[in-house]
>>> print(open('protein_21.cif').read())   # mmCIF, C-alpha atoms (C1' of nucleotides)
data_my_file
#
loop_
_atom_site.label_atom_id
_atom_site.label_comp_id
_atom_site.auth_asym_id
_atom_site.auth_seq_id
_atom_site.Cartn_x
_atom_site.Cartn_y
_atom_site.Cartn_z
CA MET A 1 21.89 40.86 8.25
CA LYS A 2 23.07 37.27 8.38
CA TYR A 3 22.39 34.29 10.60
CA TRP A 4 24.93 31.81 11.94
CA LEU A 5 25.44 28.75 14.07
CA MET A 6 28.47 28.62 16.34
CA LYS A 7 29.59 25.48 18.14
CA SER A 8 31.27 25.29 21.48
CA GLU A 9 31.96 22.42 23.82
CA PRO A 10 30.13 23.28 27.04
CA ASP A 11 32.94 21.75 29.11
CA VAL A 12 35.19 24.39 27.61
CA TYR A 13 32.81 27.31 27.19
CA SER A 14 29.06 27.03 27.63
CA ILE A 15 26.18 29.46 27.34
CA GLU A 16 26.25 29.70 31.13
CA HIS A 17 29.80 31.00 30.89
CA LEU A 18 28.68 33.64 28.43
CA ALA A 19 25.74 34.56 30.64
CA ALA A 20 28.15 35.08 33.53
CA GLU A 21 30.48 37.45 31.68
CA ILE A 22 30.66 40.71 33.60
CA LYS A 23 31.03 42.77 30.47
CA GLY A 24 28.20 40.93 28.80
CA THR A 25 30.41 40.05 25.86
CA ALA A 26 33.12 37.51 25.17
CA TYR A 27 35.64 36.85 22.43
CA TRP A 28 35.03 33.71 20.42
CA ASP A 29 38.56 32.38 20.13
CA GLY A 30 40.09 29.15 18.93
CA ILE A 31 38.76 28.95 15.39
CA ARG A 32 41.50 27.05 13.56
CA ASN A 33 39.76 26.02 10.41
CA TYR A 34 40.04 28.03 7.20
CA GLN A 35 36.45 27.76 6.11
CA ALA A 36 35.19 28.87 9.51
CA ARG A 37 37.86 31.59 9.58
CA ASN A 38 36.66 32.92 6.24
CA PHE A 39 33.07 33.12 7.46
CA ILE A 40 34.19 35.10 10.49
CA ARG A 41 36.61 37.35 8.71
CA ASP A 42 34.70 38.00 5.51
CA ASP A 43 31.02 37.58 6.14
CA MET A 44 30.18 38.24 9.77
CA LYS A 45 28.97 41.70 10.60
CA VAL A 46 28.10 43.50 13.81
CA GLY A 47 24.44 42.88 14.52
CA ASP A 48 24.31 39.46 12.88
CA LEU A 49 22.62 36.80 14.99
CA ALA A 50 24.02 33.38 15.85
CA PHE A 51 22.75 30.26 17.52
CA PHE A 52 24.87 29.06 20.42
CA TYR A 53 25.34 25.32 19.88
CA HIS A 54 26.64 22.89 22.49
CA SER A 55 28.73 20.17 20.88
CA ASN A 56 30.54 17.07 22.07
CA CYS A 57 28.39 16.64 25.16
CA ALA A 58 25.57 14.55 26.55
CA GLU A 59 22.82 16.48 24.80
CA PRO A 60 24.15 18.38 21.79
CA GLY A 61 21.86 21.13 20.53
CA ILE A 62 21.02 24.80 20.18
CA VAL A 63 20.83 26.48 23.55
CA GLY A 64 20.37 30.16 22.80
CA VAL A 65 20.96 33.20 20.63
CA MET A 66 23.92 35.54 20.44
CA GLU A 67 24.55 38.78 18.66
CA ILE A 68 27.81 39.50 16.89
CA ALA A 69 29.23 42.43 18.82
CA SER A 70 32.39 43.30 16.89
CA ALA A 71 34.01 43.09 13.52
CA ALA A 72 36.59 40.36 13.08
CA TYR A 73 40.03 41.03 14.56
CA PRO A 74 43.14 38.87 14.94
CA ASP A 75 42.78 35.99 17.40
CA TYR A 76 45.64 36.94 19.69
CA THR A 77 45.54 33.62 21.52
CA ALA A 78 47.33 32.28 18.43
CA PHE A 79 50.34 34.46 19.28
CA ASP A 80 50.86 33.15 22.81
CA PRO A 81 52.84 29.91 23.16
CA LYS A 82 51.14 29.28 26.49
CA GLU A 83 47.70 29.19 24.89
CA LYS A 84 46.07 25.97 23.86
CA TYR A 85 45.39 27.31 20.38
CA PHE A 86 48.84 28.79 19.85
CA ASP A 87 49.90 28.69 16.21
CA SER A 88 53.44 29.70 15.36
CA LYS A 89 52.42 30.28 11.77
CA SER A 90 50.08 33.09 12.70
CA GLU A 91 52.17 36.24 12.86
CA LYS A 92 51.16 39.56 14.34
CA THR A 93 52.05 41.28 11.09
CA ASN A 94 50.12 38.69 9.12
CA PRO A 95 47.54 37.02 11.33
CA ARG A 96 46.13 33.73 10.16
CA TRP A 97 43.26 33.41 12.63
CA PHE A 98 40.47 35.79 13.55
CA MET A 99 37.73 36.11 16.09
CA VAL A 100 34.69 38.24 16.88
CA ASP A 101 33.06 39.39 20.09
CA VAL A 102 29.68 37.94 20.92
CA LYS A 103 26.92 39.05 23.23
CA LEU A 104 24.23 36.84 24.72
CA ARG A 105 20.75 37.75 23.60
CA ARG A 106 18.76 34.87 24.85
CA LYS A 107 19.14 31.55 26.58
CA PHE A 108 16.37 29.16 25.60
CA ARG A 109 14.23 27.87 28.43
CA ILE A 110 14.29 24.51 26.67
CA SER A 111 17.09 23.91 24.24
CA LEU A 112 16.57 22.37 20.83
CA SER A 113 18.41 19.09 20.69
CA LEU A 114 20.27 17.80 17.68
CA LYS A 115 17.89 14.86 17.79
CA ASP A 116 14.90 17.15 17.34
CA ILE A 117 16.63 19.10 14.60
CA ARG A 118 17.25 15.84 12.76
CA LEU A 119 13.59 14.88 13.09
CA GLU A 120 12.44 18.12 11.50
CA LYS A 121 12.06 17.77 7.73
CA LYS A 122 12.26 21.49 7.13
CA LEU A 123 15.69 21.58 8.74
CA SER A 124 17.13 18.69 6.78
CA LYS A 125 19.14 21.06 4.57
CA MET A 126 20.90 22.71 7.48
CA LYS A 127 24.68 22.59 7.28
CA LEU A 128 24.68 21.26 10.82
CA VAL A 129 23.00 18.00 9.87
CA GLN A 130 24.82 17.31 6.63
CA PRO A 131 26.76 14.05 6.79
CA GLY A 132 30.32 14.54 7.96
CA ASN A 133 29.84 18.20 8.85
CA ARG A 134 32.36 19.39 11.40
CA LEU A 135 32.39 23.10 10.74
CA SER A 136 32.29 25.05 13.96
CA ILE A 137 30.84 28.13 12.25
CA SER A 138 28.16 27.75 9.64
CA PRO A 139 25.63 30.02 7.99
CA VAL A 140 21.93 29.53 8.70
CA THR A 141 19.26 30.68 6.26
CA LYS A 142 16.54 33.06 7.38
CA ILE A 143 13.96 30.35 6.74
CA GLU A 144 15.85 27.92 8.96
CA TRP A 145 16.35 30.58 11.58
CA ASP A 146 12.68 31.54 11.72
CA HIS A 147 11.63 27.93 11.80
CA ILE A 148 13.90 27.14 14.72
CA MET A 149 12.73 30.19 16.62
CA ALA A 150 9.13 29.12 16.08
CA MET A 151 9.95 25.62 17.35
CA VAL A 152 11.67 26.99 20.41
CA ASP A 153 8.81 29.32 21.22
CA GLY A 154 6.23 26.61 20.59
CA ASP A 155 4.58 28.66 17.82
"C1'" DG B 1 36.22 5.98 25.15
"C1'" DC B 2 35.39 4.62 20.34
"C1'" DC B 3 35.77 5.67 15.78
"C1'" DA B 4 34.29 7.62 11.19
"C1'" DA B 5 34.89 11.53 8.60
"C1'" DC B 6 37.44 15.21 7.73
"C1'" DG B 7 41.44 18.69 7.29
"C1'" DT B 8 46.36 19.45 7.42
"C1'" DT B 9 51.16 18.32 6.94
"C1'" DG B 10 55.19 16.98 4.78
"C1'" DG B 11 58.07 13.68 2.12
"C1'" DC B 12 58.77 12.57 -2.38
"C1'" DG C 1 50.88 17.78 -6.97
"C1'" DC C 2 50.11 13.21 -4.88
"C1'" DC C 3 48.97 10.80 -0.92
"C1'" DA C 4 50.02 8.48 3.53
"C1'" DA C 5 50.23 9.66 8.14
"C1'" DC C 6 48.58 12.18 11.58
"C1'" DG C 7 45.53 15.17 14.40
"C1'" DT C 8 40.88 16.86 15.33
"C1'" DT C 9 35.90 16.93 15.59
"C1'" DG C 10 31.90 15.42 17.54
"C1'" DG C 11 28.04 11.99 17.79
"C1'" DC C 12 27.21 8.02 20.09
#
>>> encode(input="protein_21.cif", output="structure tokens")
Amino acid sequence: MKYWLMKSEPDVYSIEHLAAEIKGTAYWDGIRNYQARNFIRDDMKVGDLAFFYHSNCAEPGIVGVMEIASAAYPDYTAFDPKEKYFDSKSEKTNPRWFMVDVKLRRKFRISLSLKDIRLEKKLSKMKLVQPGNRLSISPVTKIEWDHIMAMVDGD
DNA sequence: GCCAACGTTGGC
DNA sequence: GCCAACGTTGGC
């Protein structure tokens, strides 16, 4: 099983949106970066766990935990010209972009801010805090994962 | 809203 | 294949 961190702008789609999904799951669309695409398509498996990260907002940070609920399948929003993330180069017969379904496992009572992550020496190797990192999907090591969970739960 | 750091595009 | 121009990301 693998661990991940997935970014979303809360103005667009927040953990509260996910919590309000009737079905309990949602499709994680709009990934338009090859490296992130490859993680989704090639490495993500059903049952993997992922941190829900709020980006580009007042208090960026990790706000909860999701479970990957499906294998990767073509991101059909790329096929629809009316969609924000339409991409004419992604064809139905040869899709360029993929997505997975996610399910909310847990919303943290107190989220872990980027500031606090930066202050934590043991998390200094995280992809998230590497200079210039903009990847919206990144792998998290088990050690990092466990450490964050311990921080969130106050040991 | 600013802007630095990236990734992508397209002319050559 | 180079690289300038452009668009996007995301912290601040």
>>> interface_residues(input="protein_21.cif", of="chain C", to="chain A", cutoff="9 Å", atoms="all atoms listed in the file", output="list in words")
DT9, DG10 and DG11 of chain C
>>> residues_around(input="protein_21.cif", residues="Val140 of chain A", least_positions_apart="4", cutoff="9 Å", atoms="only C-alpha atoms (C1' of nucleotides)", output="short mmCIF file (atom, residue, chain, number, x, y, z; two decimals) with C-alpha atoms, keeping the file's coordinate frame")
data_model
loop_
_atom_site.label_atom_id
_atom_site.label_comp_id
_atom_site.auth_asym_id
_atom_site.auth_seq_id
_atom_site.Cartn_x
_atom_site.Cartn_y
_atom_site.Cartn_z
CA LYS A 2 23.07 37.27 8.38
CA TYR A 3 22.39 34.29 10.60
CA TRP A 4 24.93 31.81 11.94
CA LEU A 5 25.44 28.75 14.07
CA ALA A 50 24.02 33.38 15.85
CA PHE A 51 22.75 30.26 17.52
CA MET A 126 20.90 22.71 7.48
CA LYS A 127 24.68 22.59 7.28
CA LEU A 128 24.68 21.26 10.82
CA GLU A 144 15.85 27.92 8.96
CA TRP A 145 16.35 30.58 11.58
#
>>> atom_distance(input="protein_21.cif", atom1="atom CA of Glu120 of chain A", atom2="atom CA of Ala150 of chain A")
12.4 Å
>>> resolve_selection(input="protein_21.cif", expression="the PyMOL selection byres ((chain B and resi 1) around 12)", output="list in words")
DC2 and DC3 of chain B; DC12 of chain C
>>> axis_aligned_box(input="protein_21.cif", around="segment 7-11 of chain B", padding_each_side="8 Å", output="AutoDock Vina command-line options")
--center_x 49.8 --center_y 16.6 --center_z 4.8 --size_x 32.6 --size_y 21.8 --size_z 21.3
>>> atom_distance(input="protein_21.cif", atom1="atom CA of Tyr34 of chain A", atom2="atom CA of His17 of chain A")
26.0 Å
